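Written out below as structure tokens is the structure these notes cover.
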Amino acid sequence: MAKDPAQCQGPDLVKEGIAFEHSIHLSRDFVTNEMCCHDPGPHHEWSGDGHDKLTSIGFPIWGVRDKWSGKWLGLWVIPNNHLKNAIAYLYLHTIAEVGGMPLQVTTDCGSETTKVFGLGLALCEQFAPHLSTEALPPHCFLHSVRNIVIEQGWLRFRLQWGANARIWWDAGEGIYNSTDPKHEELVQWLWPTFIQHELDQLKEHFNNHPTCFDAAKKLPSGVSPNVAIALAAEYRGESQLIAIDCAVVHHLMEEIGGESLIEFVDREFAAPAQVVFDSLGTEITPHNIWQVFTKMLPLVYG
């Protein structure tokens, strides 16, 4: 199994590989049961990572995905996905939203995840003292190429949405002047609002879209991630979520900086900008976002 980080080999291939390499012949049922012990179900492992394809225009992204089901637990556009407090805030936000923490989180080796490492260790020692953090560390650092689950998710994300987002942004050439402070401020409110709405919709689409059935894959296939988690027992899985006190998590979120860590503009600007936008009586779409920008500009600063 260590030779198959992408989790594509089913019991038959693993059984055949053991027989070929070690001349040990095991039953398929035995191999299946052993494989399930190593990947027992949802929330056994979360995979987190940043996506930098839109960083050049000022909108980096961070995501968290459940390894067993492939479910996206979070997708966010944030000002800086290399800021350790911001990443720690999103980690804690995911725990609070899901209602517990996984046995393990895997990320790449970036310095922005060091606080996640410390928080994971502290929370595990507090709420799951019976678990050995040496046998199964709450956080595991991997090279990006080995963080397969999230990296595969980014590929689909880029092909389905990310490439288009850059085209929509470039359509503002001649409209948006990055050297004008008023333009910059409004864009920093309007575009993250639009992108986050798009990410929320995309997350729902991914989580409700059935994957192709693969008989060789030992993790769930042929169903959507949401169905896989809801019916985990039917796919030989059992939730590994560690129960935690959400009040403690919310306190930690505020202690490290709160929601301001992931906000692009201060609330003194965001509130009136929202009022102006609401007065337009329209929704932001890829096709009208620069028209909305043009309409809002004189109203916000008039």
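Order determines the names: the first chain of the structure tokens is A, the second B, and so forth; residues in each chain are numbered 1 upward, and ligands are numbered 1 upward as they are shown.
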Members of stretch 19-268 of chain A assigned strand (DSSP E or B) by DSSP, as number ranges by chain: A: 45-51, 61-66, 72-77, 100-101, 104-107, 139-141, 242-243
I need the chosen residues saved as a PDB file, in the first residue's frame, with C-alpha atoms.
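Below is the file part.pdb, written as the result:
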```pdb
ATOM      1  CA  GLU A  45      -7.114  11.828   7.151  1.00  0.00           C
ATOM      2  CA  TRP A  46      -7.644  15.336   5.826  1.00  0.00           C
ATOM      3  CA  SER A  47      -5.437  16.740   3.110  1.00  0.00           C
ATOM      4  CA  GLY A  48      -4.788  20.493   3.042  1.00  0.00           C
ATOM      5  CA  ASP A  49      -2.965  22.652   0.525  1.00  0.00           C
ATOM      6  CA  GLY A  50      -2.837  26.032  -1.169  1.00  0.00           C
ATOM      7  CA  HIS A  51      -3.591  26.798  -4.817  1.00  0.00           C
ATOM      8  CA  ILE A  61      -6.852  29.860  -2.446  1.00  0.00           C
ATOM      9  CA  TRP A  62      -6.647  27.259   0.296  1.00  0.00           C
ATOM     10  CA  GLY A  63      -8.521  23.960   0.484  1.00  0.00           C
ATOM     11  CA  VAL A  64      -9.097  20.924   2.700  1.00  0.00           C
ATOM     12  CA  ARG A  65     -10.225  17.544   1.403  1.00  0.00           C
ATOM     13  CA  ASP A  66     -11.143  14.259   3.110  1.00  0.00           C
ATOM     14  CA  TRP A  72     -14.016  18.956  -0.197  1.00  0.00           C
ATOM     15  CA  LEU A  73     -14.436  20.175   3.383  1.00  0.00           C
ATOM     16  CA  GLY A  74     -13.460  23.725   2.530  1.00  0.00           C
ATOM     17  CA  LEU A  75     -12.406  26.012  -0.325  1.00  0.00           C
ATOM     18  CA  TRP A  76     -11.530  29.608   0.468  1.00  0.00           C
ATOM     19  CA  VAL A  77     -10.083  32.636  -1.259  1.00  0.00           C
ATOM     20  CA  GLY A 100     -14.597  17.253  15.184  1.00  0.00           C
ATOM     21  CA  MET A 101     -11.009  16.713  14.079  1.00  0.00           C
ATOM     22  CA  GLN A 104      -4.416  13.062  10.920  1.00  0.00           C
ATOM     23  CA  VAL A 105      -3.932  16.067   8.643  1.00  0.00           C
ATOM     24  CA  THR A 106      -1.430  15.990   5.793  1.00  0.00           C
ATOM     25  CA  THR A 107       0.054  19.095   4.208  1.00  0.00           C
ATOM     26  CA  HIS A 139      -0.091  16.110  11.485  1.00  0.00           C
ATOM     27  CA  CYS A 140       2.072  14.666   8.745  1.00  0.00           C
ATOM     28  CA  PHE A 141       4.296  16.746   6.449  1.00  0.00           C
ATOM     29  CA  ILE A 242     -12.486  12.877  17.121  1.00  0.00           C
ATOM     30  CA  ALA A 243     -15.121  14.699  19.158  1.00  0.00           C
TER      31      ALA A 243
END
```
Polymer residues at most 12 Å from A:Glu255, only C-alpha atoms, same-chain spacing of 6 or more positions, as a PyMOL selection string: chain A and resi 85-86+88-89+92+248-249+261
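The residue that comes closest to A:Thr285, out of A:Ala247, A:Val145, A:Val187, A:Ile195 and on the basis of only C-alpha atoms, is A:Ile195.
You can rank A:Glu263, A:Glu151, A:Glu112, A:Asp52 by their closest distance to A:Leu190 using only C-alpha atoms, and at the top of that list sits A:Glu263.
With distances restricted to only C-alpha atoms, A:Phe157 is the closest residue to A:His205 from A:Phe157, A:Ser260, A:Ala232, A:Arg267.
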Residues within 8 Å of A:Ser69, only C-alpha atoms, excluding chain neighbours under 3 positions, as an MDAnalysis selection string: chainID A and resid 41:42 66 219:220 225:226 228:229
Using only C-alpha atoms: which of A:Phe20, A:Phe277, A:Trp68, A:Phe206 has the shortest distance to A:Thr193: A:Phe277
Based on the backbone DSSP call, show me all residues of stretch 54-298 of chain A assigned alpha helix (DSSP H), as a tab-separated table (two decimals) with N, CA and C atoms, in the first residue's frame.
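That gives us part.tsv:
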```tsv
chain	number	residue	atom	x	y	z
A	84	LYS	N	0.76	31.69	8.35
A	84	LYS	CA	0.46	30.54	9.19
A	84	LYS	C	-0.78	30.74	10.07
A	85	ASN	N	-1.04	31.96	10.52
A	85	ASN	CA	-2.23	32.18	11.34
A	85	ASN	C	-3.50	32.05	10.51
A	86	ALA	N	-3.45	32.48	9.26
A	86	ALA	CA	-4.62	32.35	8.38
A	86	ALA	C	-4.93	30.88	8.11
A	87	ILE	N	-3.90	30.09	7.85
A	87	ILE	CA	-4.10	28.66	7.58
A	87	ILE	C	-4.58	27.95	8.84
A	88	ALA	N	-4.03	28.34	9.99
A	88	ALA	CA	-4.47	27.76	11.26
A	88	ALA	C	-5.94	28.10	11.52
A	89	TYR	N	-6.33	29.33	11.18
A	89	TYR	CA	-7.73	29.74	11.36
A	89	TYR	C	-8.66	28.86	10.52
A	90	LEU	N	-8.28	28.61	9.26
A	90	LEU	CA	-9.12	27.78	8.39
A	90	LEU	C	-9.17	26.33	8.86
A	91	TYR	N	-8.06	25.84	9.39
A	91	TYR	CA	-8.02	24.49	9.97
A	91	TYR	C	-9.00	24.39	11.13
A	92	LEU	N	-8.97	25.37	12.03
A	92	LEU	CA	-9.89	25.38	13.17
A	92	LEU	C	-11.33	25.58	12.71
A	93	HIS	N	-11.52	26.43	11.70
A	93	HIS	CA	-12.86	26.66	11.14
A	93	HIS	C	-13.45	25.36	10.60
A	94	THR	N	-12.62	24.57	9.94
A	94	THR	CA	-13.09	23.29	9.39
A	94	THR	C	-13.48	22.34	10.51
A	95	ILE	N	-12.68	22.28	11.56
A	95	ILE	CA	-12.99	21.44	12.71
A	95	ILE	C	-14.33	21.85	13.32
A	96	ALA	N	-14.52	23.16	13.50
A	96	ALA	CA	-15.76	23.65	14.09
A	96	ALA	C	-16.96	23.34	13.20
A	97	GLU	N	-16.80	23.46	11.90
A	97	GLU	CA	-17.90	23.23	10.96
A	97	GLU	C	-18.25	21.75	10.86
A	98	VAL	N	-17.24	20.89	10.85
A	98	VAL	CA	-17.48	19.45	10.74
A	98	VAL	C	-17.94	18.88	12.08
A	114	THR	N	3.00	25.24	10.10
A	114	THR	CA	3.61	24.88	11.38
A	114	THR	C	2.64	25.09	12.55
A	115	LYS	N	1.80	26.12	12.48
A	115	LYS	CA	0.84	26.34	13.57
A	115	LYS	C	-0.25	25.27	13.54
A	116	VAL	N	-0.61	24.80	12.36
A	116	VAL	CA	-1.57	23.69	12.27
A	116	VAL	C	-1.00	22.46	12.96
A	117	PHE	N	0.29	22.23	12.76
A	117	PHE	CA	0.96	21.10	13.42
A	117	PHE	C	0.81	21.21	14.93
A	118	GLY	N	1.12	22.37	15.49
A	118	GLY	CA	1.05	22.56	16.93
A	118	GLY	C	-0.36	22.46	17.47
A	119	LEU	N	-1.32	23.04	16.77
A	119	LEU	CA	-2.71	22.98	17.21
A	119	LEU	C	-3.24	21.56	17.16
A	120	GLY	N	-2.91	20.84	16.10
A	120	GLY	CA	-3.37	19.45	15.98
A	120	GLY	C	-2.86	18.59	17.12
A	121	LEU	N	-1.61	18.77	17.46
A	121	LEU	CA	-1.01	18.00	18.56
A	121	LEU	C	-1.68	18.34	19.88
A	122	ALA	N	-1.87	19.64	20.13
A	122	ALA	CA	-2.48	20.07	21.40
A	122	ALA	C	-3.93	19.59	21.52
A	123	LEU	N	-4.70	19.70	20.44
A	123	LEU	CA	-6.10	19.28	20.48
A	123	LEU	C	-6.22	17.77	20.66
A	124	CYS	N	-5.33	17.04	20.00
A	124	CYS	CA	-5.37	15.57	20.13
A	124	CYS	C	-5.04	15.16	21.56
A	125	GLU	N	-4.04	15.78	22.16
A	125	GLU	CA	-3.67	15.45	23.54
A	125	GLU	C	-4.78	15.83	24.51
A	126	GLN	N	-5.53	16.89	24.19
A	126	GLN	CA	-6.60	17.34	25.07
A	126	GLN	C	-7.85	16.47	24.94
A	127	PHE	N	-8.25	16.15	23.69
A	127	PHE	CA	-9.54	15.49	23.48
A	127	PHE	C	-9.44	14.01	23.11
A	148	ILE	N	-1.26	13.42	-2.53
A	148	ILE	CA	-1.97	13.06	-3.77
A	148	ILE	C	-3.41	13.54	-3.80
A	149	VAL	N	-4.16	13.33	-2.72
A	149	VAL	CA	-5.60	13.59	-2.74
A	149	VAL	C	-5.91	15.04	-3.10
A	150	ILE	N	-5.24	15.97	-2.44
A	150	ILE	CA	-5.52	17.38	-2.71
A	150	ILE	C	-4.94	17.82	-4.04
A	151	GLU	N	-3.80	17.27	-4.41
A	151	GLU	CA	-3.19	17.65	-5.69
A	151	GLU	C	-4.06	17.21	-6.86
A	152	GLN	N	-4.64	16.01	-6.76
A	152	GLN	CA	-5.57	15.57	-7.81
A	152	GLN	C	-6.80	16.46	-7.85
A	153	GLY	N	-7.24	16.90	-6.68
A	153	GLY	CA	-8.39	17.80	-6.63
A	153	GLY	C	-8.11	19.14	-7.29
A	154	TRP	N	-6.88	19.66	-7.12
A	154	TRP	CA	-6.53	20.93	-7.74
A	154	TRP	C	-6.51	20.84	-9.26
A	155	LEU	N	-6.12	19.70	-9.78
A	155	LEU	CA	-6.11	19.55	-11.24
A	155	LEU	C	-7.51	19.71	-11.80
A	156	ARG	N	-8.45	19.02	-11.21
A	156	ARG	CA	-9.85	19.13	-11.67
A	156	ARG	C	-10.37	20.55	-11.44
A	157	PHE	N	-9.99	21.14	-10.32
A	157	PHE	CA	-10.40	22.51	-9.99
A	157	PHE	C	-9.92	23.49	-11.05
A	163	ALA	N	-8.91	28.17	-14.78
A	163	ALA	CA	-8.46	28.77	-16.04
A	163	ALA	C	-9.44	29.84	-16.51
A	164	ASN	N	-10.73	29.59	-16.31
A	164	ASN	CA	-11.75	30.57	-16.71
A	164	ASN	C	-11.68	31.83	-15.87
A	165	ALA	N	-11.38	31.67	-14.58
A	165	ALA	CA	-11.33	32.83	-13.68
A	165	ALA	C	-10.31	33.85	-14.16
A	166	ARG	N	-9.19	33.38	-14.66
A	166	ARG	CA	-8.17	34.31	-15.15
A	166	ARG	C	-8.67	35.07	-16.38
A	167	ILE	N	-9.43	34.41	-17.24
A	167	ILE	CA	-9.99	35.06	-18.43
A	167	ILE	C	-11.00	36.13	-18.01
A	168	TRP	N	-11.83	35.82	-17.01
A	168	TRP	CA	-12.81	36.80	-16.52
A	168	TRP	C	-12.10	38.02	-15.94
A	169	TRP	N	-10.99	37.79	-15.24
A	169	TRP	CA	-10.23	38.90	-14.68
A	169	TRP	C	-9.64	39.77	-15.78
A	170	ASP	N	-9.06	39.14	-16.78
A	170	ASP	CA	-8.42	39.89	-17.86
A	170	ASP	C	-9.41	40.71	-18.66
A	181	PRO	N	-6.13	53.95	-5.94
A	181	PRO	CA	-6.48	53.34	-4.64
A	181	PRO	C	-7.97	52.99	-4.52
A	182	LYS	N	-8.84	53.80	-5.12
A	182	LYS	CA	-10.27	53.52	-5.05
A	182	LYS	C	-10.61	52.26	-5.85
A	183	HIS	N	-10.02	52.14	-7.03
A	183	HIS	CA	-10.23	50.94	-7.84
A	183	HIS	C	-9.75	49.70	-7.07
A	184	GLU	N	-8.55	49.83	-6.50
A	184	GLU	CA	-7.96	48.70	-5.78
A	184	GLU	C	-8.82	48.27	-4.61
A	185	GLU	N	-9.32	49.23	-3.85
A	185	GLU	CA	-10.13	48.91	-2.67
A	185	GLU	C	-11.43	48.22	-3.06
A	186	LEU	N	-12.09	48.74	-4.08
A	186	LEU	CA	-13.36	48.13	-4.49
A	186	LEU	C	-13.15	46.74	-5.06
A	187	VAL	N	-12.10	46.56	-5.86
A	187	VAL	CA	-11.80	45.24	-6.41
A	187	VAL	C	-11.52	44.24	-5.29
A	188	GLN	N	-10.84	44.72	-4.24
A	188	GLN	CA	-10.51	43.84	-3.11
A	188	GLN	C	-11.74	43.44	-2.31
A	189	TRP	N	-12.84	44.13	-2.50
A	189	TRP	CA	-14.11	43.67	-1.91
A	189	TRP	C	-14.92	42.86	-2.91
A	190	LEU	N	-15.02	43.36	-4.13
A	190	LEU	CA	-15.92	42.75	-5.12
A	190	LEU	C	-15.43	41.38	-5.58
A	191	TRP	N	-14.17	41.28	-5.94
A	191	TRP	CA	-13.69	40.02	-6.51
A	191	TRP	C	-13.63	38.87	-5.50
A	192	PRO	N	-13.14	39.07	-4.29
A	192	PRO	CA	-13.21	37.97	-3.32
A	192	PRO	C	-14.63	37.54	-3.01
A	193	THR	N	-15.57	38.51	-2.99
A	193	THR	CA	-16.98	38.16	-2.78
A	193	THR	C	-17.46	37.25	-3.90
A	194	PHE	N	-17.14	37.61	-5.12
A	194	PHE	CA	-17.52	36.80	-6.28
A	194	PHE	C	-16.83	35.44	-6.26
A	195	ILE	N	-15.52	35.43	-6.03
A	195	ILE	CA	-14.77	34.18	-6.06
A	195	ILE	C	-15.25	33.22	-4.98
A	196	GLN	N	-15.49	33.74	-3.76
A	196	GLN	CA	-15.93	32.84	-2.68
A	196	GLN	C	-17.28	32.22	-3.00
A	197	HIS	N	-18.17	33.02	-3.60
A	197	HIS	CA	-19.47	32.46	-4.02
A	197	HIS	C	-19.27	31.35	-5.05
A	198	GLU	N	-18.37	31.57	-5.99
A	198	GLU	CA	-18.07	30.56	-6.99
A	198	GLU	C	-17.48	29.30	-6.35
A	199	LEU	N	-16.58	29.49	-5.38
A	199	LEU	CA	-15.95	28.35	-4.70
A	199	LEU	C	-16.98	27.55	-3.92
A	200	ASP	N	-17.90	28.23	-3.27
A	200	ASP	CA	-18.94	27.53	-2.51
A	200	ASP	C	-19.80	26.66	-3.44
A	201	GLN	N	-20.14	27.21	-4.60
A	201	GLN	CA	-20.93	26.45	-5.56
A	201	GLN	C	-20.13	25.28	-6.13
A	202	LEU	N	-18.86	25.53	-6.41
A	202	LEU	CA	-18.00	24.50	-6.97
A	202	LEU	C	-17.81	23.36	-5.98
A	203	LYS	N	-17.64	23.71	-4.72
A	203	LYS	CA	-17.50	22.69	-3.67
A	203	LYS	C	-18.73	21.79	-3.62
A	204	GLU	N	-19.91	22.40	-3.67
A	204	GLU	CA	-21.15	21.62	-3.66
A	204	GLU	C	-21.24	20.71	-4.88
A	205	HIS	N	-20.83	21.24	-6.02
A	205	HIS	CA	-20.86	20.44	-7.25
A	205	HIS	C	-19.92	19.24	-7.13
A	206	PHE	N	-18.69	19.48	-6.71
A	206	PHE	CA	-17.73	18.39	-6.56
A	206	PHE	C	-18.23	17.34	-5.58
A	207	ASN	N	-18.80	17.79	-4.46
A	207	ASN	CA	-19.19	16.86	-3.40
A	207	ASN	C	-20.45	16.08	-3.73
A	208	ASN	N	-21.21	16.53	-4.72
A	208	ASN	CA	-22.43	15.81	-5.11
A	208	ASN	C	-22.30	15.11	-6.46
A	225	PRO	N	-18.96	12.00	-3.14
A	225	PRO	CA	-18.36	12.05	-1.80
A	225	PRO	C	-19.38	12.19	-0.69
A	226	ASN	N	-20.43	12.99	-0.92
A	226	ASN	CA	-21.45	13.14	0.12
A	226	ASN	C	-22.15	11.83	0.42
A	227	VAL	N	-22.45	11.07	-0.62
A	227	VAL	CA	-23.10	9.77	-0.42
A	227	VAL	C	-22.14	8.80	0.27
A	228	ALA	N	-20.87	8.83	-0.12
A	228	ALA	CA	-19.89	7.93	0.48
A	228	ALA	C	-19.80	8.15	1.99
A	229	ILE	N	-19.82	9.42	2.42
A	229	ILE	CA	-19.75	9.70	3.85
A	229	ILE	C	-21.06	9.35	4.55
A	230	ALA	N	-22.18	9.67	3.91
A	230	ALA	CA	-23.48	9.39	4.53
A	230	ALA	C	-23.71	7.89	4.68
A	246	CYS	N	-16.34	22.49	20.74
A	246	CYS	CA	-16.31	23.58	19.76
A	246	CYS	C	-16.06	24.94	20.40
A	247	ALA	N	-16.44	25.09	21.66
A	247	ALA	CA	-16.19	26.36	22.35
A	247	ALA	C	-14.69	26.63	22.46
A	248	VAL	N	-13.93	25.57	22.69
A	248	VAL	CA	-12.47	25.70	22.76
A	248	VAL	C	-11.92	26.09	21.40
A	249	VAL	N	-12.45	25.48	20.35
A	249	VAL	CA	-11.98	25.77	18.99
A	249	VAL	C	-12.29	27.22	18.61
A	250	HIS	N	-13.50	27.67	18.92
A	250	HIS	CA	-13.87	29.06	18.60
A	250	HIS	C	-12.99	30.05	19.38
A	251	HIS	N	-12.68	29.71	20.60
A	251	HIS	CA	-11.79	30.57	21.40
A	251	HIS	C	-10.41	30.67	20.74
A	252	LEU	N	-9.89	29.54	20.28
A	252	LEU	CA	-8.59	29.53	19.61
A	252	LEU	C	-8.63	30.34	18.32
A	253	MET	N	-9.74	30.25	17.60
A	253	MET	CA	-9.88	31.01	16.35
A	253	MET	C	-9.78	32.51	16.61
A	254	GLU	N	-10.42	32.97	17.67
A	254	GLU	CA	-10.37	34.39	18.00
A	254	GLU	C	-8.99	34.78	18.54
A	255	GLU	N	-8.40	33.88	19.28
A	255	GLU	CA	-7.11	34.17	19.91
A	255	GLU	C	-6.00	34.40	18.90
A	267	ARG	N	-13.85	46.06	7.80
A	267	ARG	CA	-15.32	46.02	7.86
A	267	ARG	C	-15.95	47.40	7.68
A	268	GLU	N	-15.17	48.44	7.97
A	268	GLU	CA	-15.68	49.80	7.77
A	268	GLU	C	-15.94	50.08	6.29
A	269	PHE	N	-15.21	49.42	5.43
A	269	PHE	CA	-15.46	49.56	3.99
A	269	PHE	C	-16.45	48.50	3.50
A	270	ALA	N	-16.33	47.29	4.02
A	270	ALA	CA	-17.16	46.18	3.53
A	270	ALA	C	-18.65	46.43	3.74
A	271	ALA	N	-19.02	47.01	4.89
A	271	ALA	CA	-20.44	47.21	5.20
A	271	ALA	C	-21.11	48.16	4.20
A	272	PRO	N	-20.59	49.36	3.97
A	272	PRO	CA	-21.24	50.23	2.98
A	272	PRO	C	-21.14	49.69	1.55
A	273	ALA	N	-20.07	48.98	1.25
A	273	ALA	CA	-19.95	48.38	-0.09
A	273	ALA	C	-21.07	47.37	-0.31
A	274	GLN	N	-21.39	46.61	0.73
A	274	GLN	CA	-22.47	45.63	0.62
A	274	GLN	C	-23.81	46.32	0.42
A	275	VAL	N	-24.01	47.44	1.12
A	275	VAL	CA	-25.26	48.20	0.98
A	275	VAL	C	-25.41	48.71	-0.46
A	276	VAL	N	-24.33	49.24	-1.01
A	276	VAL	CA	-24.37	49.74	-2.39
A	276	VAL	C	-24.65	48.60	-3.36
A	277	PHE	N	-23.98	47.48	-3.16
A	277	PHE	CA	-24.20	46.34	-4.05
A	277	PHE	C	-25.65	45.87	-3.98
A	278	ASP	N	-26.18	45.76	-2.78
A	278	ASP	CA	-27.57	45.30	-2.62
A	278	ASP	C	-28.54	46.24	-3.33
A	279	SER	N	-28.20	47.53	-3.35
A	279	SER	CA	-29.09	48.50	-3.98
A	279	SER	C	-29.18	48.32	-5.50
A	280	LEU	N	-28.19	47.63	-6.07
A	280	LEU	CA	-28.21	47.40	-7.52
A	280	LEU	C	-29.22	46.32	-7.91
A	289	ILE	N	-19.40	41.08	-13.89
A	289	ILE	CA	-18.68	41.57	-12.71
A	289	ILE	C	-18.01	42.93	-12.95
A	290	TRP	N	-17.50	43.16	-14.15
A	290	TRP	CA	-16.86	44.45	-14.40
A	290	TRP	C	-17.90	45.55	-14.61
A	291	GLN	N	-19.09	45.18	-15.07
A	291	GLN	CA	-20.18	46.15	-15.15
A	291	GLN	C	-20.63	46.55	-13.74
A	292	VAL	N	-20.69	45.56	-12.85
A	292	VAL	CA	-21.03	45.84	-11.45
A	292	VAL	C	-19.99	46.77	-10.84
A	293	PHE	N	-18.72	46.48	-11.13
A	293	PHE	CA	-17.63	47.33	-10.63
A	293	PHE	C	-17.82	48.78	-11.09
A	294	THR	N	-18.13	48.95	-12.36
A	294	THR	CA	-18.30	50.29	-12.93
A	294	THR	C	-19.48	51.01	-12.31
A	295	LYS	N	-20.57	50.30	-12.02
A	295	LYS	CA	-21.74	50.92	-11.41
A	295	LYS	C	-21.50	51.27	-9.94
A	296	MET	N	-20.75	50.42	-9.25
A	296	MET	CA	-20.55	50.63	-7.81
A	296	MET	C	-19.56	51.76	-7.53
A	297	LEU	N	-18.58	51.93	-8.40
A	297	LEU	CA	-17.48	52.86	-8.14
A	297	LEU	C	-17.95	54.26	-7.75
A	298	PRO	N	-18.81	54.92	-8.54
A	298	PRO	CA	-19.25	56.28	-8.16
A	298	PRO	C	-20.17	56.29	-6.96
```
Between atom CA of A:Ser221 and atom CA of A:Gly162, distance in Å (one decimal): 24.9 Å
Shell of 6 Å around A:Asp108, only C-alpha atoms, local chain residues under 6 positions omitted, as a list in words: Phe141, Leu142, His143 and Ser144 of chain A
Atom-to-atom span, atom CA of A:Ser178 and atom CA of A:Gly281, Å: 26.6 Å
Pairwise distance for atom CA of A:Glu259 and atom CA of A:Pro137, rounded to one decimal in Å: 27.9 Å
